[in-house]
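Shown here: target_17.tsv, TSV, C-alpha atoms.
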chain	number	residue	atom	x	y	z
A	1	MET	CA	83.73	116.79	57.01
A	2	SER	CA	83.62	114.82	60.22
A	3	ASP	CA	81.18	116.00	62.90
A	4	LYS	CA	83.63	114.93	65.61
A	5	LYS	CA	85.37	117.51	67.71
A	6	ALA	CA	89.07	117.68	66.94
A	7	ALA	CA	91.37	116.01	69.43
A	8	TRP	CA	94.15	118.48	70.14
A	9	PRO	CA	97.55	117.63	71.61
A	10	THR	CA	97.47	117.26	75.38
A	11	HIS	CA	100.25	117.30	77.96
A	12	ILE	CA	99.44	115.66	81.32
A	13	ILE	CA	101.96	116.42	84.07
A	14	CYS	CA	101.51	114.49	87.33
A	15	VAL	CA	103.31	115.68	90.45
A	16	GLY	CA	103.76	113.41	93.47
A	17	ALA	CA	105.89	111.03	95.49
A	18	ILE	CA	107.33	107.75	94.21
A	19	TYR	CA	107.82	104.69	96.39
A	20	ILE	CA	109.29	101.24	96.09
A	21	ASP	CA	106.46	99.12	97.49
A	22	THR	CA	106.85	95.77	99.21
A	23	ILE	CA	103.40	94.16	99.33
A	24	ILE	CA	102.95	91.32	101.79
A	25	ARG	CA	99.73	89.30	101.52
A	26	VAL	CA	98.58	87.59	104.73
A	27	PRO	CA	95.48	85.51	105.61
A	28	GLN	CA	94.35	88.18	108.06
A	29	PHE	CA	95.92	91.22	109.65
A	30	PRO	CA	98.29	90.01	112.40
A	31	ALA	CA	97.75	90.76	116.05
A	32	GLU	CA	100.48	92.74	117.78
A	33	ASP	CA	103.55	90.79	118.92
A	34	THR	CA	102.71	87.62	116.96
A	35	LYS	CA	104.28	85.64	114.10
A	36	MET	CA	102.55	84.86	110.81
A	37	ARG	CA	103.55	83.25	107.52
A	38	ALA	CA	102.85	85.42	104.46
A	39	GLU	CA	101.04	83.93	101.47
A	40	SER	CA	103.01	86.02	98.98
A	41	MET	CA	105.36	88.97	98.70
A	42	LEU	CA	105.71	91.36	95.76
A	43	LYS	CA	108.08	94.27	95.21
A	44	ARG	CA	107.12	96.96	92.69
A	45	ARG	CA	107.18	100.65	92.01
A	46	GLY	CA	104.40	102.57	93.75
A	47	GLY	CA	103.25	106.13	94.27
A	48	ASN	CA	99.82	107.59	93.50
A	49	THR	CA	100.77	109.64	90.46
A	50	ALA	CA	103.01	106.97	88.90
A	51	ASN	CA	100.20	104.44	89.31
A	52	SER	CA	97.77	106.79	87.57
A	53	LEU	CA	100.25	107.39	84.74
A	54	GLU	CA	100.79	103.65	84.27
A	55	VAL	CA	97.04	103.17	83.80
A	56	LEU	CA	96.79	106.25	81.57
A	57	SER	CA	99.55	104.99	79.27
A	58	ASP	CA	97.75	101.64	79.00
A	59	LEU	CA	94.47	103.37	78.14
A	60	LEU	CA	96.16	105.52	75.50
A	61	ASP	CA	97.66	102.40	73.92
A	62	HIS	CA	94.17	101.03	73.32
A	63	VAL	CA	92.19	104.03	72.08
A	64	PRO	CA	89.58	102.68	69.60
A	65	GLU	CA	90.20	103.50	65.95
A	66	ASP	CA	86.82	105.26	65.68
A	67	LEU	CA	87.37	107.60	68.63
A	68	PHE	CA	89.33	110.07	66.49
A	69	ASP	CA	89.61	110.67	62.77
A	70	GLN	CA	92.53	108.92	61.10
A	71	GLN	CA	94.25	112.26	60.54
A	72	GLU	CA	93.97	113.06	64.24
A	73	ARG	CA	95.56	109.72	65.12
A	74	ALA	CA	98.59	110.30	62.88
A	75	SER	CA	100.70	111.52	65.79
A	76	PRO	CA	100.56	110.99	69.57
A	77	LEU	CA	97.90	113.30	70.96
A	78	THR	CA	98.66	112.89	74.65
A	79	THR	CA	102.11	113.12	76.22
A	80	LEU	CA	102.57	111.99	79.82
A	81	TYR	CA	105.02	113.44	82.33
A	82	LEU	CA	105.94	112.58	85.92
A	83	MET	CA	107.53	115.16	88.19
A	84	CYS	CA	108.87	113.71	91.43
A	85	VAL	CA	111.71	113.68	93.94
A	86	LEU	CA	114.18	110.86	93.24
A	87	PRO	CA	117.56	109.71	94.53
A	88	GLU	CA	120.67	110.28	92.39
A	89	GLU	CA	119.97	110.11	88.67
A	90	GLN	CA	122.20	107.07	88.10
A	91	SER	CA	121.08	105.18	91.21
A	92	ARG	CA	119.59	101.73	90.79
A	93	ASP	CA	116.22	102.81	92.20
A	94	THR	CA	115.93	105.76	89.80
A	95	ILE	CA	116.76	103.55	86.81
A	96	ASP	CA	114.19	100.95	87.91
A	97	ILE	CA	111.51	103.61	88.42
A	98	ARG	CA	112.07	105.02	84.94
A	99	SER	CA	111.93	101.58	83.35
A	100	SER	CA	108.66	100.75	85.13
A	101	ILE	CA	106.81	103.47	83.16
A	102	PRO	CA	108.63	103.51	79.80
A	103	LYS	CA	106.04	105.66	78.00
A	104	VAL	CA	106.12	108.42	80.62
A	105	ASN	CA	108.61	111.28	80.52
A	106	VAL	CA	110.12	111.24	84.01
A	107	HIS	CA	111.43	114.61	85.19
A	108	GLY	CA	113.20	113.99	88.46
A	109	ILE	CA	114.21	116.39	91.18
A	110	TYR	CA	117.34	114.45	92.11
A	111	ARG	CA	118.80	114.37	95.61
A	112	GLU	CA	122.56	114.01	95.42
A	113	GLY	CA	124.05	111.60	97.91
A	114	CYS	CA	120.84	109.52	98.11
A	115	GLN	CA	120.83	106.04	96.59
A	116	HIS	CA	117.37	104.84	97.59
A	117	ALA	CA	113.86	105.98	96.76
A	118	ALA	CA	111.18	106.30	99.41
A	119	SER	CA	109.76	102.92	100.41
A	120	SER	CA	106.47	101.50	101.63
A	121	MET	CA	105.60	98.26	103.36
A	122	ILE	CA	102.01	97.27	102.55
A	123	VAL	CA	100.25	94.51	104.48
A	124	GLN	CA	97.26	93.12	102.57
A	125	SER	CA	94.64	91.11	104.41
A	126	LYS	CA	93.10	88.31	102.35
A	127	ASP	CA	90.25	88.08	104.85
A	128	THR	CA	89.00	91.67	104.59
A	129	GLY	CA	90.82	93.11	101.57
A	130	SER	CA	92.26	95.88	103.72
A	131	ARG	CA	95.75	97.22	103.20
A	132	THR	CA	97.88	98.81	105.89
A	133	ILE	CA	100.69	101.04	104.63
A	134	ILE	CA	103.87	101.98	106.47
A	135	SER	CA	106.06	104.39	104.50
A	136	HIS	CA	109.54	105.81	104.94
A	137	SER	CA	111.04	108.64	102.87
A	138	GLY	CA	114.60	108.23	104.11
A	139	ASP	CA	116.83	111.20	103.36
A	140	LEU	CA	114.78	112.47	100.42
A	141	LYS	CA	113.70	116.06	101.03
A	142	GLU	CA	110.27	117.12	99.78
A	143	MET	CA	109.94	119.17	96.60
A	144	THR	CA	109.81	122.95	96.99
A	145	GLN	CA	107.79	125.40	94.90
A	146	PRO	CA	110.91	126.91	93.23
A	147	GLU	CA	112.03	123.38	92.26
A	148	PHE	CA	108.58	122.67	90.82
A	149	SER	CA	108.58	125.87	88.77
A	150	GLN	CA	112.09	125.19	87.45
A	151	VAL	CA	111.19	121.68	86.23
A	152	PHE	CA	107.79	122.82	84.89
A	153	ASN	CA	109.45	125.55	82.83
A	154	ARG	CA	111.92	122.99	81.51
A	155	ILE	CA	109.01	120.82	80.34
A	156	MET	CA	107.32	123.80	78.69
A	157	ASP	CA	110.56	124.69	76.88
A	158	ASN	CA	110.44	121.30	75.13
A	159	ILE	CA	106.89	121.80	73.84
A	160	ASN	CA	106.47	123.26	70.36
A	161	PRO	CA	105.75	127.00	70.81
A	162	ALA	CA	103.25	126.80	67.94
A	163	ASP	CA	101.32	124.19	69.92
A	164	LEU	CA	101.18	126.41	72.99
A	165	ARG	CA	99.83	129.30	70.92
A	166	ASN	CA	96.97	127.06	69.83
A	167	GLU	CA	94.07	127.92	72.12
A	168	LYS	CA	92.85	124.31	72.04
A	169	GLU	CA	96.15	122.87	73.24
A	170	LYS	CA	95.77	121.38	76.73
A	171	VAL	CA	98.33	121.44	79.52
A	172	TRP	CA	96.98	119.54	82.52
A	173	VAL	CA	98.83	119.44	85.86
A	174	HIS	CA	97.67	116.95	88.49
A	175	PHE	CA	98.93	117.13	92.08
A	176	GLU	CA	99.00	114.41	94.69
A	177	GLY	CA	97.94	116.31	97.82
A	178	ARG	CA	100.79	115.15	100.04
A	179	ASN	CA	102.45	118.44	100.98
A	180	PRO	CA	99.60	120.98	101.30
A	181	GLU	CA	101.66	124.12	101.85
A	182	VAL	CA	103.82	123.44	98.78
A	183	VAL	CA	100.90	122.30	96.59
A	184	ILE	CA	99.00	125.57	97.05
A	185	GLN	CA	102.19	127.53	96.29
A	186	CYS	CA	102.67	125.53	93.08
A	187	ILE	CA	99.04	126.02	92.01
A	188	ARG	CA	99.28	129.78	92.54
A	189	ALA	CA	102.55	129.86	90.59
A	190	LEU	CA	100.81	128.09	87.69
A	191	ARG	CA	97.86	130.48	87.79
A	192	ALA	CA	100.32	133.38	87.63
A	193	MET	CA	101.94	131.85	84.53
A	194	SER	CA	98.77	131.17	82.52
A	195	SER	CA	95.01	130.96	82.87
A	196	ARG	CA	94.94	128.15	80.29
A	197	ILE	CA	96.57	125.48	82.46
A	198	TYR	CA	94.10	122.91	83.80
A	199	ILE	CA	94.80	121.88	87.39
A	200	SER	CA	93.54	118.91	89.41
A	201	VAL	CA	94.40	117.87	92.95
A	202	GLU	CA	93.87	114.72	95.01
A	203	CYS	CA	92.56	115.25	98.56
A	204	GLU	CA	93.10	111.92	100.29
A	205	LYS	CA	93.79	112.57	103.97
A	206	PRO	CA	91.26	114.87	105.69
A	207	GLU	CA	93.71	115.84	108.42
A	208	ARG	CA	95.57	117.83	105.76
A	209	VAL	CA	93.05	120.66	106.08
A	210	VAL	CA	95.25	123.13	104.19
A	211	LEU	CA	94.51	121.09	101.05
A	212	MET	CA	91.08	122.71	100.91
A	213	GLU	CA	92.81	125.89	99.77
A	214	SER	CA	94.16	123.94	96.80
A	215	ALA	CA	90.73	122.42	96.17
A	216	TYR	CA	89.17	125.88	95.88
A	217	GLU	CA	91.75	126.94	93.28
A	218	ALA	CA	91.81	123.72	91.21
A	219	ASP	CA	89.61	122.91	88.21
A	220	VAL	CA	89.03	119.29	89.27
A	221	VAL	CA	89.29	117.77	92.76
A	222	PHE	CA	89.43	114.07	93.69
A	223	PHE	CA	88.13	113.46	97.23
A	224	SER	CA	88.85	110.17	99.01
A	225	LYS	CA	86.30	108.13	100.92
A	226	LEU	CA	87.58	109.60	104.17
A	227	TRP	CA	86.82	113.07	102.86
A	228	VAL	CA	83.37	112.16	101.62
A	229	GLU	CA	82.65	109.88	104.62
A	230	ALA	CA	79.42	108.49	103.41
A	231	TRP	CA	78.90	106.65	100.17
A	232	GLU	CA	78.47	102.88	100.15
A	233	PRO	CA	77.15	100.98	97.11
A	234	ASP	CA	74.01	98.87	97.42
A	235	THR	CA	74.64	95.31	96.30
A	236	ASP	CA	73.33	91.88	97.18
A	237	GLU	CA	76.32	90.20	95.54
A	238	GLU	CA	79.20	89.24	97.79
A	239	LEU	CA	82.37	90.52	96.15
A	240	LYS	CA	85.91	89.54	97.09
A	241	VAL	CA	88.62	92.17	96.91
A	242	ILE	CA	91.88	90.86	95.43
A	243	ASP	CA	94.14	93.94	95.43
A	244	ALA	CA	92.88	97.38	96.47
A	245	VAL	CA	96.31	99.04	96.24
A	246	GLY	CA	96.10	101.81	93.62
A	247	ALA	CA	92.32	101.72	93.05
A	248	GLY	CA	92.05	105.45	93.68
A	249	ASP	CA	95.01	106.09	91.38
A	250	THR	CA	93.23	104.08	88.68
A	251	PHE	CA	90.08	106.18	89.16
A	252	ILE	CA	92.12	109.36	88.69
A	253	ALA	CA	93.67	107.92	85.51
A	254	GLY	CA	90.18	107.15	84.18
A	255	ILE	CA	88.92	110.68	84.81
A	256	LEU	CA	92.03	112.31	83.32
A	257	PHE	CA	91.78	110.06	80.27
A	258	CYS	CA	88.13	111.03	79.69
A	259	LEU	CA	88.62	114.74	80.31
A	260	THR	CA	91.60	114.99	77.96
A	261	ASN	CA	90.67	112.44	75.28
A	262	HIS	CA	86.87	112.53	75.26
A	263	PRO	CA	85.89	116.08	76.34
A	264	ARG	CA	82.52	115.86	74.59
A	265	GLY	CA	81.37	113.34	77.18
A	266	ASN	CA	79.47	114.57	80.22
A	267	LEU	CA	80.47	114.29	83.88
A	268	ALA	CA	78.19	111.30	84.54
A	269	GLN	CA	79.77	109.36	81.65
A	270	HIS	CA	83.28	110.19	82.84
A	271	LEU	CA	82.49	109.14	86.41
A	272	GLU	CA	80.95	105.87	85.23
A	273	PHE	CA	83.99	105.07	83.12
A	274	ALA	CA	86.45	105.90	85.93
A	275	THR	CA	84.44	103.94	88.50
A	276	HIS	CA	84.27	100.98	86.15
A	277	ILE	CA	88.02	100.80	85.55
A	278	ALA	CA	88.77	101.36	89.27
A	279	SER	CA	86.39	98.50	90.11
A	280	LYS	CA	88.20	96.24	87.65
A	281	LYS	CA	91.51	97.09	89.31
A	282	VAL	CA	90.22	95.94	92.74
A	283	TYR	CA	89.62	92.44	91.34
A	284	GLN	CA	93.10	91.95	89.87
A	285	ARG	CA	96.69	92.30	91.04
A	286	GLY	CA	98.56	95.31	89.71
A	287	PHE	CA	97.54	97.51	86.79
A	288	ARG	CA	98.57	95.55	83.71
A	289	GLY	CA	95.81	95.00	81.17
A	290	LEU	CA	93.29	97.55	82.44
A	291	GLY	CA	93.47	99.54	79.21
A	292	THR	CA	92.92	96.36	77.21
A	293	ALA	CA	89.94	95.40	79.36
A	294	MET	CA	88.28	98.80	78.97
A	295	LEU	CA	89.06	99.57	75.34
A	296	SER	CA	90.03	96.46	73.38
A	297	SER	CA	88.48	93.37	74.97
A	298	PRO	CA	85.82	91.83	72.68
A	299	ASP	CA	83.94	90.61	75.75
A	300	ASP	CA	83.79	93.89	77.63
A	301	ARG	CA	83.41	97.20	75.81
A	302	PRO	CA	81.92	99.54	78.44
A	303	PHE	CA	83.90	102.40	76.95
A	304	ARG	CA	81.70	102.40	73.84
A	305	ARG	CA	78.47	102.01	75.78
A	306	ILE	CA	79.33	104.64	78.39
A	307	LEU	CA	80.59	107.25	75.94
A	308	GLY	CA	78.12	106.47	73.17
A	309	LEU	CA	80.61	105.38	70.50
A	310	ARG	CA	79.45	103.19	67.64
A	311	ARG	CA	80.24	99.51	67.92

Let me see whether you can do it: turn the structure in this file into structure tokens.
Amino acid sequence: MSDKKAAWPTHIICVGAIYIDTIIRVPQFPAEDTKMRAESMLKRRGGNTANSLEVLSDLLDHVPEDLFDQQERASPLTTLYLMCVLPEEQSRDTIDIRSSIPKVNVHGIYREGCQHAASSMIVQSKDTGSRTIISHSGDLKEMTQPEFSQVFNRIMDNINPADLRNEKEKVWVHFEGRNPEVVIQCIRALRAMSSRIYISVECEKPERVVLMESAYEADVVFFSKLWVEAWEPDTDEELKVIDAVGAGDTFIAGILFCLTNHPRGNLAQHLEFATHIASKKVYQRGFRGLGTAMLSSPDDRPFRRILGLRR
């Protein structure tokens, strides 16, 4: 009999806002009231939770054969869900958002009469690697706690009841901390439903002080640099940032992947893995290929070293 711990089915539900990002790359950040020619412009789907799910789906596509027993790999062990506010279900933006994350089950809270998703204009400075984000939600109203509970229950209704009775089945709900008053209401609603639901929350903007209430009630909390306000790595090597957009989202994906797919690892191993994949993201554009780099590349197998898997 294998000495590995069984990998039980996991359901990861990420809750947050979705944007259509327009990323403009410039030599340096422009001064006010000046003109500048952009080096490049890219339009793509954005949003913290969708970014994390894109990376998670890539990681899950490249899980090493020796991570789980063959029997455990016979069926998908992790199912990904996105819960978000979207324009009308048949709008062009909604269709494009769904197609951008084909392996994620998108459960939209649709706003009738709206044709466009929220949008962001991101100015990237080649000189410093900084990114300045200007966002606009248009006519899309924020999600409410009753809407969250309704969609969450719909997701649970589609999960095999026998799976939910299994004490080792995981249901993990991750919140982007964008609407503090609603997030804490949703967390408390989940706690009232079941004590077996794992909850994580992202605390990115320190001015959203109400988020600390959510942090106290969550199982895992992701604090941004602004919250921590201190840490800076020591390095003599001069590194050039290529694309910092979504680095934090990639870190969250790395932690969620480790916690749900390699629970026998310790916190230090999980942090090292997540930091490693987030660092890789900073030195490439977009998210494509991060799972390959971490799990399948013959030249770079930190996953095995960090988590102690055999080569």

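In this structure, CA of Ser214 (chain A) sits 22.4 Å away from CA of Met156 (chain A).
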
Expressed in Å, the length from CA of Ile101 (chain A) to CA of Leu53 (chain A) is 7.8 Å

What's the 10 Å shell around Ile184 (chain A), counting all atoms listed in the file, without same-chain residues fewer than 4 positions away, as a PyMOL selection string?
-> chain A and resi 145+175+177+179-180+188-190+201+210-218

Between A:Ser125, A:Ser135, A:Thr94, A:Thr10, which is the closest to Tyr81 (chain A) once you count all atoms listed in the file?
-> A:Thr10

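For region 105-107 of chain A, the set of protein, DNA and RNA residues having any atom at most 7 Å away, when counting all atoms listed in the file and skipping those fewer than 4 positions along the same chain, is Leu80, Tyr81, Leu82, Met83, Cys84 and Arg98 of chain A.
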
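Considering only C-alpha atoms, the residue among A:Thr250, A:Pro206, A:Ile134, A:Gln124 positioned nearest to Ser224 (chain A) is A:Pro206.
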
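Using all atoms listed in the file for every distance, the candidate list A:Val55, A:Val220, A:Gly16, A:Glu272 yields A:Gly16 as the residue closest to Met143 (chain A).
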
Compile the contact shell of region 37-41 of chain A as a PyMOL selection string: residues with an atom at most 8 Å away, counting all atoms listed in the file, same-chain residues fewer than 4 positions apart removed.
-> chain A and resi 22-27

Write the residues of the selection above to a file with C-alpha atoms, as a PDB file, in the coordinates of the input.
ATOM      1  CA  THR A  22     106.850  95.770  99.210  1.00  0.00           C
ATOM      2  CA  ILE A  23     103.400  94.160  99.330  1.00  0.00           C
ATOM      3  CA  ILE A  24     102.950  91.320 101.790  1.00  0.00           C
ATOM      4  CA  ARG A  25      99.730  89.300 101.520  1.00  0.00           C
ATOM      5  CA  VAL A  26      98.580  87.590 104.730  1.00  0.00           C
ATOM      6  CA  PRO A  27      95.480  85.510 105.610  1.00  0.00           C
TER       7      PRO A  27
END

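Of the listed residues (A:His174, A:Val209, A:Lys141, A:Ile242), A:His174 comes nearest to Val221 (chain A); the distances count all atoms listed in the file.
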
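Coordinates place CA of Ser100 (chain A) at a distance of 12.7 Å from CA of Ser52 (chain A).
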
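Distances from A:Gly113, A:Pro102, A:Gly248, A:Gly286 to Glu89 (chain A) were compared using only C-alpha atoms, and the smallest one belongs to A:Gly113.
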